[in-house]
$ cat start.cif   # mmCIF, N, CA and C atoms
data_coords
loop_
_atom_site.label_atom_id
_atom_site.label_comp_id
_atom_site.auth_asym_id
_atom_site.auth_seq_id
_atom_site.Cartn_x
_atom_site.Cartn_y
_atom_site.Cartn_z
N MET B 14 -11.15 -2.94 -13.20
CA MET B 14 -9.78 -2.51 -13.34
C MET B 14 -9.53 -1.33 -12.40
N SER B 15 -8.40 -1.33 -11.75
CA SER B 15 -8.06 -0.27 -10.82
C SER B 15 -7.69 1.01 -11.54
N ALA B 16 -7.98 2.14 -10.91
CA ALA B 16 -7.61 3.43 -11.48
C ALA B 16 -6.12 3.69 -11.34
N ASN B 17 -5.47 2.96 -10.46
CA ASN B 17 -4.04 3.12 -10.24
C ASN B 17 -3.28 1.94 -10.85
N PRO B 18 -2.32 2.19 -11.73
CA PRO B 18 -1.58 1.11 -12.36
C PRO B 18 -0.85 0.27 -11.32
N GLY B 19 -0.87 -1.02 -11.51
CA GLY B 19 -0.14 -1.91 -10.62
C GLY B 19 -0.88 -2.29 -9.35
N VAL B 20 -2.07 -1.78 -9.15
CA VAL B 20 -2.85 -2.10 -7.96
C VAL B 20 -4.05 -2.92 -8.37
N ARG B 21 -4.14 -4.12 -7.84
CA ARG B 21 -5.28 -4.98 -8.16
C ARG B 21 -6.40 -4.72 -7.16
N GLN B 22 -7.63 -4.82 -7.63
CA GLN B 22 -8.77 -4.61 -6.75
C GLN B 22 -8.93 -5.76 -5.76
N PHE B 23 -8.70 -6.98 -6.17
CA PHE B 23 -8.82 -8.13 -5.30
C PHE B 23 -7.49 -8.87 -5.35
N VAL B 24 -6.81 -8.92 -4.25
CA VAL B 24 -5.47 -9.48 -4.24
C VAL B 24 -5.39 -10.67 -3.31
N VAL B 25 -4.45 -11.54 -3.58
CA VAL B 25 -4.20 -12.70 -2.72
C VAL B 25 -2.73 -12.72 -2.35
N THR B 26 -2.45 -13.33 -1.22
CA THR B 26 -1.05 -13.45 -0.84
C THR B 26 -0.45 -14.64 -1.55
N GLY B 27 0.83 -14.58 -1.77
CA GLY B 27 1.51 -15.67 -2.46
C GLY B 27 1.60 -16.93 -1.64
N ARG B 28 1.78 -16.79 -0.33
CA ARG B 28 2.05 -17.93 0.51
C ARG B 28 0.86 -18.86 0.66
N ASP B 29 -0.27 -18.34 1.10
CA ASP B 29 -1.40 -19.22 1.38
C ASP B 29 -2.60 -18.99 0.48
N GLN B 30 -2.46 -18.10 -0.49
CA GLN B 30 -3.52 -17.84 -1.46
C GLN B 30 -4.84 -17.41 -0.82
N ALA B 31 -4.78 -16.87 0.40
CA ALA B 31 -5.98 -16.34 1.04
C ALA B 31 -6.16 -14.89 0.59
N PRO B 32 -7.39 -14.47 0.36
CA PRO B 32 -7.59 -13.06 0.03
C PRO B 32 -7.05 -12.18 1.15
N ILE B 33 -6.30 -11.16 0.77
CA ILE B 33 -5.68 -10.29 1.77
C ILE B 33 -6.72 -9.70 2.70
N ALA B 34 -7.88 -9.38 2.20
CA ALA B 34 -8.92 -8.78 3.03
C ALA B 34 -9.32 -9.70 4.18
N LEU B 35 -9.10 -11.00 4.04
CA LEU B 35 -9.48 -11.94 5.09
C LEU B 35 -8.36 -12.20 6.10
N LEU B 36 -7.16 -11.73 5.83
CA LEU B 36 -6.04 -11.95 6.73
C LEU B 36 -6.09 -10.97 7.90
N THR B 37 -5.66 -11.45 9.06
CA THR B 37 -5.63 -10.57 10.22
C THR B 37 -4.46 -9.59 10.10
N ASP B 38 -4.55 -8.51 10.84
CA ASP B 38 -3.46 -7.54 10.87
C ASP B 38 -2.15 -8.21 11.29
N ARG B 39 -2.25 -9.09 12.26
CA ARG B 39 -1.05 -9.77 12.77
C ARG B 39 -0.35 -10.56 11.67
N VAL B 40 -1.12 -11.29 10.88
CA VAL B 40 -0.56 -12.08 9.79
C VAL B 40 0.04 -11.17 8.73
N LEU B 41 -0.68 -10.12 8.37
CA LEU B 41 -0.16 -9.17 7.38
C LEU B 41 1.13 -8.53 7.85
N ARG B 42 1.15 -8.04 9.10
CA ARG B 42 2.36 -7.41 9.63
C ARG B 42 3.54 -8.36 9.62
N ALA B 43 3.30 -9.60 10.03
CA ALA B 43 4.38 -10.59 10.08
C ALA B 43 4.93 -10.85 8.68
N GLU B 44 4.04 -10.96 7.70
CA GLU B 44 4.46 -11.21 6.33
C GLU B 44 5.26 -10.02 5.78
N VAL B 45 4.75 -8.82 6.01
CA VAL B 45 5.43 -7.63 5.49
C VAL B 45 6.78 -7.44 6.17
N THR B 46 6.82 -7.53 7.48
CA THR B 46 8.09 -7.28 8.16
C THR B 46 9.14 -8.35 7.88
N SER B 47 8.72 -9.56 7.59
CA SER B 47 9.70 -10.61 7.33
C SER B 47 10.15 -10.69 5.87
N GLU B 48 9.32 -10.21 4.93
CA GLU B 48 9.65 -10.41 3.52
C GLU B 48 9.75 -9.14 2.68
N ALA B 49 9.50 -7.99 3.27
CA ALA B 49 9.51 -6.74 2.50
C ALA B 49 10.92 -6.41 2.00
N ARG B 50 11.02 -5.98 0.76
CA ARG B 50 12.31 -5.60 0.18
C ARG B 50 12.88 -4.36 0.85
N CYS B 51 12.02 -3.52 1.41
CA CYS B 51 12.48 -2.28 2.04
C CYS B 51 13.09 -2.51 3.41
N ALA B 52 12.90 -3.68 3.98
CA ALA B 52 13.36 -3.95 5.34
C ALA B 52 14.86 -3.96 5.49
N ASP B 53 15.60 -4.04 4.40
CA ASP B 53 17.05 -4.10 4.52
C ASP B 53 17.69 -2.75 4.82
N GLY B 54 16.93 -1.67 4.71
CA GLY B 54 17.41 -0.35 5.07
C GLY B 54 18.47 0.23 4.15
N THR B 55 18.52 -0.20 2.89
CA THR B 55 19.56 0.31 1.99
C THR B 55 19.25 1.70 1.45
N LEU B 56 17.99 2.11 1.46
CA LEU B 56 17.63 3.44 0.98
C LEU B 56 17.61 4.44 2.13
N ASP B 57 17.92 5.67 1.81
CA ASP B 57 17.79 6.75 2.77
C ASP B 57 16.32 6.85 3.16
N PRO B 58 16.01 6.91 4.45
CA PRO B 58 14.60 6.99 4.88
C PRO B 58 13.83 8.14 4.24
N ASP B 59 14.51 9.22 3.90
CA ASP B 59 13.82 10.35 3.27
C ASP B 59 13.24 9.98 1.91
N GLU B 60 13.80 8.97 1.24
CA GLU B 60 13.26 8.56 -0.06
C GLU B 60 11.87 7.94 0.06
N TRP B 61 11.51 7.50 1.25
CA TRP B 61 10.20 6.87 1.47
C TRP B 61 9.12 7.89 1.78
N PHE B 62 9.51 9.17 1.95
CA PHE B 62 8.56 10.19 2.35
C PHE B 62 8.66 11.42 1.44
N PRO B 63 8.01 11.34 0.26
CA PRO B 63 8.03 12.50 -0.64
C PRO B 63 7.31 13.68 0.01
N VAL B 64 7.77 14.89 -0.30
CA VAL B 64 7.15 16.07 0.29
C VAL B 64 6.05 16.66 -0.58
N SER B 65 6.07 16.39 -1.86
CA SER B 65 5.06 16.92 -2.77
C SER B 65 3.71 16.25 -2.51
N THR B 66 2.66 17.04 -2.63
CA THR B 66 1.31 16.48 -2.49
C THR B 66 0.76 16.03 -3.83
N ASP B 67 1.31 16.54 -4.92
CA ASP B 67 0.93 16.12 -6.26
C ASP B 67 1.49 14.72 -6.50
N ALA B 68 0.64 13.80 -6.97
CA ALA B 68 1.06 12.41 -7.13
C ALA B 68 2.25 12.25 -8.07
N GLU B 69 2.23 12.92 -9.21
CA GLU B 69 3.34 12.78 -10.16
C GLU B 69 4.65 13.28 -9.59
N ALA B 70 4.62 14.44 -8.94
CA ALA B 70 5.83 14.99 -8.33
C ALA B 70 6.32 14.09 -7.20
N ALA B 71 5.39 13.59 -6.40
CA ALA B 71 5.76 12.70 -5.30
C ALA B 71 6.38 11.41 -5.83
N ARG B 72 5.87 10.87 -6.94
CA ARG B 72 6.44 9.66 -7.54
C ARG B 72 7.88 9.92 -8.00
N ARG B 73 8.13 11.10 -8.54
CA ARG B 73 9.51 11.43 -8.94
C ARG B 73 10.42 11.50 -7.72
N GLU B 74 9.94 12.14 -6.66
CA GLU B 74 10.73 12.26 -5.43
C GLU B 74 11.01 10.90 -4.80
N ALA B 75 10.07 9.99 -4.91
CA ALA B 75 10.19 8.68 -4.26
C ALA B 75 10.54 7.57 -5.25
N ALA B 76 11.13 7.92 -6.37
CA ALA B 76 11.41 6.92 -7.42
C ALA B 76 12.23 5.74 -6.92
N GLY B 77 13.22 6.00 -6.09
CA GLY B 77 14.05 4.91 -5.56
C GLY B 77 13.24 3.94 -4.71
N ALA B 78 12.40 4.49 -3.85
CA ALA B 78 11.55 3.65 -2.99
C ALA B 78 10.55 2.87 -3.82
N ILE B 79 9.94 3.52 -4.79
CA ILE B 79 8.95 2.85 -5.64
C ILE B 79 9.59 1.72 -6.44
N ALA B 80 10.82 1.90 -6.85
CA ALA B 80 11.53 0.83 -7.57
C ALA B 80 11.72 -0.39 -6.67
N VAL B 81 12.00 -0.17 -5.41
CA VAL B 81 12.12 -1.28 -4.46
C VAL B 81 10.78 -1.99 -4.33
N CYS B 82 9.72 -1.23 -4.23
CA CYS B 82 8.37 -1.80 -4.10
C CYS B 82 7.98 -2.64 -5.32
N ARG B 83 8.38 -2.17 -6.48
CA ARG B 83 7.99 -2.85 -7.72
C ARG B 83 8.38 -4.33 -7.70
N ALA B 84 9.50 -4.64 -7.07
CA ALA B 84 9.99 -6.02 -7.04
C ALA B 84 9.69 -6.72 -5.72
N CYS B 85 8.87 -6.13 -4.89
CA CYS B 85 8.62 -6.67 -3.55
C CYS B 85 7.54 -7.76 -3.58
N PRO B 86 7.82 -8.90 -2.94
CA PRO B 86 6.83 -9.99 -2.93
C PRO B 86 5.62 -9.73 -2.03
N VAL B 87 5.69 -8.73 -1.15
CA VAL B 87 4.57 -8.46 -0.25
C VAL B 87 3.99 -7.06 -0.48
N ARG B 88 4.10 -6.59 -1.69
CA ARG B 88 3.61 -5.25 -2.04
C ARG B 88 2.12 -5.09 -1.73
N ASP B 89 1.31 -6.05 -2.10
CA ASP B 89 -0.13 -5.97 -1.87
C ASP B 89 -0.47 -5.98 -0.38
N ALA B 90 0.24 -6.81 0.38
CA ALA B 90 0.01 -6.87 1.83
C ALA B 90 0.39 -5.54 2.48
N CYS B 91 1.47 -4.94 2.02
CA CYS B 91 1.91 -3.65 2.52
C CYS B 91 0.85 -2.58 2.25
N LEU B 92 0.34 -2.57 1.04
CA LEU B 92 -0.71 -1.61 0.69
C LEU B 92 -1.94 -1.82 1.56
N GLU B 93 -2.32 -3.06 1.78
CA GLU B 93 -3.48 -3.36 2.62
C GLU B 93 -3.27 -2.85 4.05
N LEU B 94 -2.08 -3.04 4.59
CA LEU B 94 -1.79 -2.53 5.94
C LEU B 94 -1.95 -1.02 6.00
N SER B 95 -1.48 -0.34 4.98
CA SER B 95 -1.60 1.12 4.97
C SER B 95 -3.07 1.55 4.95
N MET B 96 -3.90 0.79 4.28
CA MET B 96 -5.33 1.12 4.23
C MET B 96 -6.01 0.86 5.57
N ARG B 97 -5.64 -0.22 6.20
CA ARG B 97 -6.26 -0.58 7.48
C ARG B 97 -5.83 0.36 8.60
N HIS B 98 -4.64 0.87 8.51
CA HIS B 98 -4.08 1.71 9.57
C HIS B 98 -3.77 3.08 8.99
N TRP B 99 -4.82 3.76 8.56
CA TRP B 99 -4.70 5.00 7.81
C TRP B 99 -3.96 6.09 8.58
N ARG B 100 -4.07 6.09 9.87
CA ARG B 100 -3.40 7.14 10.66
C ARG B 100 -1.90 7.19 10.34
N ILE B 101 -1.27 6.04 10.20
CA ILE B 101 0.14 6.01 9.80
C ILE B 101 0.29 5.71 8.31
N GLY B 102 -0.66 4.98 7.77
CA GLY B 102 -0.59 4.57 6.37
C GLY B 102 -0.79 5.68 5.36
N GLN B 103 -1.21 6.85 5.81
CA GLN B 103 -1.41 7.95 4.89
C GLN B 103 -0.10 8.67 4.57
N HIS B 104 0.98 8.29 5.22
CA HIS B 104 2.27 8.95 5.04
C HIS B 104 3.26 8.02 4.34
N GLY B 105 4.12 8.58 3.51
CA GLY B 105 5.19 7.81 2.89
C GLY B 105 4.73 6.91 1.76
N VAL B 106 5.62 6.03 1.34
CA VAL B 106 5.35 5.08 0.26
C VAL B 106 4.98 3.74 0.90
N TRP B 107 3.86 3.20 0.49
CA TRP B 107 3.39 1.88 0.93
C TRP B 107 2.89 1.16 -0.32
N GLY B 108 3.30 -0.06 -0.50
CA GLY B 108 2.79 -0.84 -1.63
C GLY B 108 3.09 -0.21 -2.98
N GLY B 109 4.13 0.61 -3.05
CA GLY B 109 4.51 1.23 -4.31
C GLY B 109 3.71 2.47 -4.67
N LEU B 110 2.85 2.93 -3.75
CA LEU B 110 2.02 4.11 -4.02
C LEU B 110 2.38 5.25 -3.08
N VAL B 111 2.33 6.45 -3.60
CA VAL B 111 2.57 7.65 -2.79
C VAL B 111 1.26 8.04 -2.11
N PRO B 112 1.32 8.94 -1.12
CA PRO B 112 0.11 9.27 -0.36
C PRO B 112 -1.11 9.66 -1.19
N ALA B 113 -0.95 10.50 -2.20
CA ALA B 113 -2.11 10.92 -3.00
C ALA B 113 -2.75 9.73 -3.71
N GLU B 114 -1.95 8.79 -4.17
CA GLU B 114 -2.50 7.60 -4.85
C GLU B 114 -3.24 6.71 -3.87
N ARG B 115 -2.67 6.52 -2.68
CA ARG B 115 -3.35 5.68 -1.69
C ARG B 115 -4.63 6.34 -1.20
N ALA B 116 -4.62 7.66 -1.09
CA ALA B 116 -5.85 8.36 -0.69
C ALA B 116 -6.95 8.13 -1.71
N ALA B 117 -6.60 8.12 -2.99
CA ALA B 117 -7.58 7.86 -4.05
C ALA B 117 -8.11 6.43 -3.95
N VAL B 118 -7.21 5.48 -3.70
CA VAL B 118 -7.63 4.07 -3.54
C VAL B 118 -8.56 3.96 -2.34
N ARG B 119 -8.21 4.64 -1.26
CA ARG B 119 -9.03 4.59 -0.05
C ARG B 119 -10.42 5.17 -0.31
N ARG B 120 -10.48 6.30 -1.01
CA ARG B 120 -11.79 6.89 -1.34
C ARG B 120 -12.62 5.92 -2.18
N GLN B 121 -11.98 5.25 -3.15
CA GLN B 121 -12.69 4.28 -3.98
C GLN B 121 -13.24 3.14 -3.13
N ARG B 122 -12.42 2.65 -2.21
CA ARG B 122 -12.86 1.55 -1.35
C ARG B 122 -14.03 1.98 -0.46
N LEU B 123 -13.92 3.16 0.13
CA LEU B 123 -14.99 3.64 1.01
C LEU B 123 -16.28 3.84 0.23
N GLU B 124 -16.18 4.41 -0.97
CA GLU B 124 -17.36 4.62 -1.81
C GLU B 124 -17.98 3.27 -2.21
N SER B 125 -17.15 2.33 -2.56
CA SER B 125 -17.63 1.00 -2.94
C SER B 125 -18.34 0.34 -1.75
N ALA B 126 -17.77 0.46 -0.57
CA ALA B 126 -18.39 -0.12 0.63
C ALA B 126 -19.74 0.54 0.90
N ARG B 127 -19.81 1.86 0.73
CA ARG B 127 -21.09 2.56 0.94
C ARG B 127 -22.15 2.08 -0.07
N ARG B 128 -21.73 1.93 -1.34
CA ARG B 128 -22.68 1.48 -2.36
C ARG B 128 -23.18 0.07 -2.10
N HIS B 129 -22.32 -0.75 -1.49
CA HIS B 129 -22.68 -2.15 -1.25
C HIS B 129 -23.18 -2.38 0.17
N GLY B 130 -23.38 -1.31 0.93
CA GLY B 130 -23.95 -1.41 2.27
C GLY B 130 -23.04 -2.05 3.29
N HIS B 131 -21.72 -1.89 3.16
CA HIS B 131 -20.78 -2.49 4.14
C HIS B 131 -20.33 -1.48 5.15
#

$ encode --input "start.cif" --output "structure tokens"
Amino acid sequence: MSANPGVRQFVVTGRDQAPIALLTDRVLRAEVTSEARCADGTLDPDEWFPVSTDAEAARREAAGAIAVCRACPVRDACLELSMRHWRIGQHGVWGGLVPAERAAVRRQRLESARRHGH
């Protein structure tokens, strides 16, 4: 079970049922950019970038963006992209998670990979 609510440890895409970890960046980007609920630009861009470093405060600041993510069909793919491209993925809301939450997920993944020799 994930330490973060709403985030599954092993996820699959809806379209082809392939594990997200096996999809190329190109496929993930195409899926996210074509189907993401946030792509319509209805929210103020500032809502996607909370300024608080505390996860709870950041979630309050980004509540509108997180609500959009909650109903997004490519939420898991979006989160995976943020993990793969940490340089940009460490900022803003991705996959319904604020930066502090994604950093915790990333640490868990890195620790798991180290334990399993990956």

$ resolve_selection --input "start.cif" --expression "the PyMOL selection byres ((chain B and resi 87) around 6.5)" --output "list in words"
Glu44, Val45, Glu48, Ala49, Arg50, Ala84, Cys85, Pro86, Arg88, Asp89, Ala90, Cys91, Leu92 and Gly108 of chain B

$ atom_distance --input "start.cif" --atom1 "CA of Leu123 in chain B" --atom2 "CA of Val81 in chain B"
28.1 Å

$ closest_residue --input "start.cif" --among "B:His104, B:Ala68, B:Cys82, B:Gly130" --to "Leu56 in chain B" --atoms "only C-alpha atoms"
B:Cys82

$ axis_aligned_box --input "start.cif" --around "range 49-52 of chain B" --padding-each-side "6 Å" --output "AutoDock Vina command-line options"
--center_x 12.2 --center_y -5.1 --center_z 2.8 --size_x 17.4 --size_y 17.7 --size_z 17.3

$ resolve_selection --input "start.cif" --expression "the PyMOL selection byres ((chain B and resi 112) around 8)" --output "list in words"
Pro63, Ser65, Thr66, Asp67, Ala68, Ala71, Arg72, Gly102, Gln103, His104, Gly105, Val106, Trp107, Gly109, Leu110, Val111, Ala113, Glu114, Arg115, Ala116, Ala117 and Val118 of chain B

$ atom_distance --input "start.cif" --atom1 "CA of Arg120 in chain B" --atom2 "CA of Leu94 in chain B"
15.5 Å

$ select_by_dssp --input "start.cif" --residues "chain B" --states "alpha helix (DSSP H)" --output "number ranges by chain"
B: 38-48, 68-74, 76-83, 88-97, 99-102, 112-128

$ atom_distance --input "start.cif" --atom1 "atom N of Ala43 in chain B" --atom2 "atom N of Asp59 in chain B"
22.7 Å

$ closest_residue --input "start.cif" --among "B:Ser125, B:Arg119, B:Val64, B:Glu93" --to "Val40 in chain B" --atoms "only C-alpha atoms"
B:Glu93

$ closest_residue --input "start.cif" --among "B:Leu36, B:Cys51, B:Leu41, B:Ala76" --to "Ser95 in chain B" --atoms "only C-alpha atoms"
B:Leu41
